[in-house]
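Let me begin by presenting the structure, written as structure tokens, before commenting on it.
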Protein chains: 2
Amino acid sequence: MVQKTKKLPSAKAPPAKLEAMAPKRRGRPRAYEPDVALGKALDLFRKDGFAATSLDDLSAATGMNRPSLYGAFGDKRELFIKSYQRYRDEARVATADIFRSEQPIRERLARIYSIALDIYFGNHSEPRGCFTVMTAGSEAVFDPEIRGMVQDALVGLDKAFASCFRLAREKGELPESADPVVLAQLASATLHSIAIRSRAGLPRKDLEAIVAGAIDVMCCGA
Amino acid sequence: MVQKTKKLPSAKAPPAKLEAMAPKRRGRPRAYEPDVALGKALDLFRKDGFAATSLDDLSAATGMNRPSLYGAFGDKRELFIKSYQRYRDEARVATADIFRSEQPIRERLARIYSIALDIYFGNHSEPRGCFTVMTAGSEAVFDPEIRGMVQDALVGLDKAFASCFRLAREKGELPESADPVVLAQLASATLHSIAIRSRAGLPRKDLEAIVAGAIDVMCCGA
DNA sequence: TGATTTTTATACTGTCTCGCATAATATAAA
DNA sequence: TTTATATTATGCGAGACAGTATAAAAATCA
């Protein structure tokens with residue numbers, strides 16, 4: 001989310017839009033909305049990867065010309081990182097309330113995987129897969145900053161799943177012998193696997209079956 | 001493996017080399033060995049991916065100049081496909097006897113994962129990950145032939161794991177209630193997960209711990 | 001020896017690539 | 001109005017890119 005200027009409670013609030021509260025900017029107004037432009041860039045990077053995405057492609061997709069892109073987001077690498085940041089943020093907010101909730105473990109897992117598949121398949125004719133797994137993962141070898149972000153995403157997910165299983169065990173949904181950390185790694189692995197399989201063109205139905213089977217094993221008999 | 005000419009048991013066998021059995025080729029002799037050149041190309045594709053690997057890079061790595069590359073392997077896409085074919089072949093022969101053996105299930109799984117980690121980490125300073133998961137998976141969206149190969153690799157592994165679990169159940173290592181197909185998908189997922197994590201720079205030790213935990217769950221109590 | 005065959009070596013072409021320099025444009029402030 | 005500011009629009013330039021054309025080199029065959 002773009003940093004918004006302090007929202008002081010002025011008497012009159014002319015247009016309802018948030019950004020309209022900002023003091024009038026000085027020069028020529030932007031012809032683009034940074035937020036939607038970043039979304040377009042993200043989708044392009046998800047589809048083609050870093051190397052195969054040219055600045056001309058990005059320019060065409062965002063509707064911004066090259067200098068505007070640089071002014072707004074920096075060079076290609078910075079734009080890539082900001083796109084990835086955006087992807088992670090979106091994924092986080094999409095799953096936040098599930099990870100915060102106290103629903104039965106099976107339900108929580110099912111909802112998480114459902115959202116993940118929505119992200120992986122998207123609305124396009126061709127599936128995108130997972131940015132962390134495919135695109136960012138590939139670049140992680142070369143760029144320490146990206147590598148750090150990918151590692152954060154991976155272990156962050158592990159921890160989130162682990163807390164789910166820990167709670168489930170406390171609630172008696174799982175036997176005392178269940179190891180939350182190990183189960184969390186299996187849950188992550190299942191997510192990774194359906195991410196790969198979606199990108200490989202396997203039908204969503206198959207992946208949903210995999211998810212169902214994995215949930216059965218992880219919540220053994222519960 | 002390259003198709004070798006029929007090895008007829010002639011009386012005199014001058015040099016021990018296999019390729020020397022071939023009838024003498026007509027023109028200027030090759031300055032490269034196709035097999036090792038393909039190996040170099042494979043490693044480059046694994047490191048950088050398809051788009052970021054230039055023909056100049058490939059030329060330098062293989063020691064072949066551009067026209068020789070074309071003559072031997074075709075254009076970049078064909079070379080990529082041949083490299084991937086080679087990768088799959090190597091992985092298959094490296095695991096063939098384990099998948100064919102009748103060892104205890106835990107041992108078989110442990111050996112498979114150990115070989116996988118060897119492949120993913122390699123001898124280089126920087127890990128490579130899995131060609132199927134990373135590089136080929138990314139390209140699968142655009143190229144039907146690559147997509148087919150990736151799907152083959154994925155479901156082929158599922159089936160191989162499934163036959164392991166089926167045998168284990170028959171031998172009484174696993175309870176009757178164990179579902180070989182579901183367990184196989186978990187075994188594949190674990191492999192996918194460590195492939196991703198290796199590329200993301202996580203230490204091998206961590207991945208070995210993940211493997212150990214996953215094996216414990218999959219062979220529940222056995 | 002000379003002719004044929006196969007590969008290597010060099011260099012070229014037209015296109016794309018990234019990043020930036022420059023100039024035009026649209027707004028707010030003075 | 002004029003000035004200052006911030007953005008857009010155009011396009012340049014040095015280099016990388018994939019693929020190929022052409023010629024030289026090294027072998028076998030006659």
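For the structure tokens, the naming scheme is as follows: chains receive sequential letters (A, B, ...) according to their order of presentation, residues are indexed from 1 within each chain, and ligands are indexed from 1 in presentation order.
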
Compute the set of chain B residues within 6 Å of chain D, using only C-alpha atoms (C1' of nucleotides), and express it as an MDAnalysis selection string.
chainID B and resid 26:28

Hey, could you make a per-residue contact list for chain A against chain C with 12 Å as the cut-off, showing the nearest pair of atoms and its distance in Å to one decimal, counting only C-alpha atoms (C1' of nucleotides), sorted by chain and number, as a tab-separated table?
residue	atom	partner	partner_atom	distance
A:Pro23	CA	C:DA28	C1'	10.7
A:Lys24	CA	C:DA28	C1'	7.7
A:Arg25	CA	C:DA28	C1'	7.4
A:Arg26	CA	C:DA28	C1'	5.0
A:Gly27	CA	C:DT27	C1'	4.8
A:Arg28	CA	C:DA26	C1'	4.5
A:Pro29	CA	C:DT27	C1'	6.5
A:Arg30	CA	C:DA26	C1'	9.8
A:Ala31	CA	C:DA26	C1'	10.7
A:Ala51	CA	C:DT17	C1'	10.8
A:Ala52	CA	C:DT17	C1'	10.8
A:Thr53	CA	C:DT17	C1'	10.6
A:Ser54	CA	C:DT17	C1'	7.5
A:Leu55	CA	C:DC18	C1'	7.6
A:Asp56	CA	C:DT17	C1'	9.1
A:Asp57	CA	C:DT17	C1'	11.4
A:Arg66	CA	C:DG19	C1'	9.1
A:Pro67	CA	C:DC20	C1'	8.2
A:Ser68	CA	C:DC20	C1'	11.9
A:Leu69	CA	C:DG19	C1'	11.3
A:Tyr70	CA	C:DG19	C1'	9.0
A:Gly71	CA	C:DC20	C1'	11.6
A:Gly74	CA	C:DG19	C1'	10.6
A:Asp75	CA	C:DG19	C1'	8.2
A:Lys76	CA	C:DC18	C1'	8.8
A:Arg77	CA	C:DC18	C1'	11.4

When you get a sec, could you note down which chain A residues fall within 8 Å of chain B, using only C-alpha atoms, as a ChimeraX atom specification?
/A:48-49,51-52,126-127,133-135,137-138,140-141,147,150-151,154,182,185-186,188-190,192-193,196-197,199-202,210,213-214

Restricting the output to C-alpha atoms, write the selected residues as a PDB file, in the first residue's frame.
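Output saved as result08.pdb:
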ATOM      1  CA  ASP A  48       7.750 -14.780 -18.038  1.00  0.00           C
ATOM      2  CA  GLY A  49      10.290 -14.663 -15.248  1.00  0.00           C
ATOM      3  CA  ALA A  51      15.225 -12.440 -17.673  1.00  0.00           C
ATOM      4  CA  ALA A  52      12.524 -12.926 -20.295  1.00  0.00           C
ATOM      5  CA  GLU A 126      -2.444 -20.112 -18.507  1.00  0.00           C
ATOM      6  CA  PRO A 127      -1.562 -20.873 -14.904  1.00  0.00           C
ATOM      7  CA  VAL A 133       8.701 -21.153  -5.964  1.00  0.00           C
ATOM      8  CA  MET A 134       9.288 -20.435  -9.628  1.00  0.00           C
ATOM      9  CA  THR A 135      10.565 -17.003 -10.497  1.00  0.00           C
ATOM     10  CA  GLY A 137      13.395 -19.051  -6.419  1.00  0.00           C
ATOM     11  CA  SER A 138      15.362 -19.079  -9.631  1.00  0.00           C
ATOM     12  CA  ALA A 140      17.557 -16.363  -5.395  1.00  0.00           C
ATOM     13  CA  VAL A 141      20.878 -17.914  -6.309  1.00  0.00           C
ATOM     14  CA  ARG A 147      17.308 -14.899  -1.549  1.00  0.00           C
ATOM     15  CA  VAL A 150      12.469 -16.202  -0.545  1.00  0.00           C
ATOM     16  CA  GLN A 151      13.864 -17.736   2.618  1.00  0.00           C
ATOM     17  CA  LEU A 154       9.499 -20.296   3.036  1.00  0.00           C
ATOM     18  CA  VAL A 182       7.205 -31.868  10.974  1.00  0.00           C
ATOM     19  CA  GLN A 185       6.938 -28.957   6.733  1.00  0.00           C
ATOM     20  CA  LEU A 186       4.665 -31.496   5.093  1.00  0.00           C
ATOM     21  CA  SER A 188       4.473 -26.522   3.096  1.00  0.00           C
ATOM     22  CA  ALA A 189       5.733 -29.289   0.865  1.00  0.00           C
ATOM     23  CA  THR A 190       2.211 -29.981  -0.318  1.00  0.00           C
ATOM     24  CA  HIS A 192       5.118 -26.330  -3.057  1.00  0.00           C
ATOM     25  CA  SER A 193       4.077 -29.410  -4.920  1.00  0.00           C
ATOM     26  CA  ILE A 196       4.824 -26.741  -9.368  1.00  0.00           C
ATOM     27  CA  ARG A 197       2.097 -28.951 -10.723  1.00  0.00           C
ATOM     28  CA  ARG A 199       2.575 -24.396 -13.551  1.00  0.00           C
ATOM     29  CA  ALA A 200       3.209 -27.701 -15.308  1.00  0.00           C
ATOM     30  CA  GLY A 201      -0.323 -27.645 -16.620  1.00  0.00           C
ATOM     31  CA  LEU A 202      -1.904 -30.360 -14.481  1.00  0.00           C
ATOM     32  CA  ILE A 210      -3.652 -34.229  -3.761  1.00  0.00           C
ATOM     33  CA  GLY A 213      -5.110 -36.783   0.524  1.00  0.00           C
ATOM     34  CA  ALA A 214      -2.386 -34.759   2.192  1.00  0.00           C
TER      35      ALA A 214
END

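Near A:Tyr32, within 9 Å and counting only C-alpha atoms (C1' of nucleotides), sit Ala37, Thr62, Gly63 and Met64 of chain A; same-chain residues fewer than 5 positions away were not included.
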
Which neighbours of A:Arg86 fall inside 10 Å, counting only C-alpha atoms (C1' of nucleotides), when residues of the same chain fewer than 4 positions from it are skipped, and could you give them as a PyMOL selection string?
chain A and resi 1+35+38-39+42+80-82+90-92

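We find atom CA of B:Ala96 and atom CA of B:Phe131 to be spaced 18.4 Å apart.
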
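Between atom CA of A:Ile215 and atom CA of B:Ala168 there is a distance of 21.8 Å.
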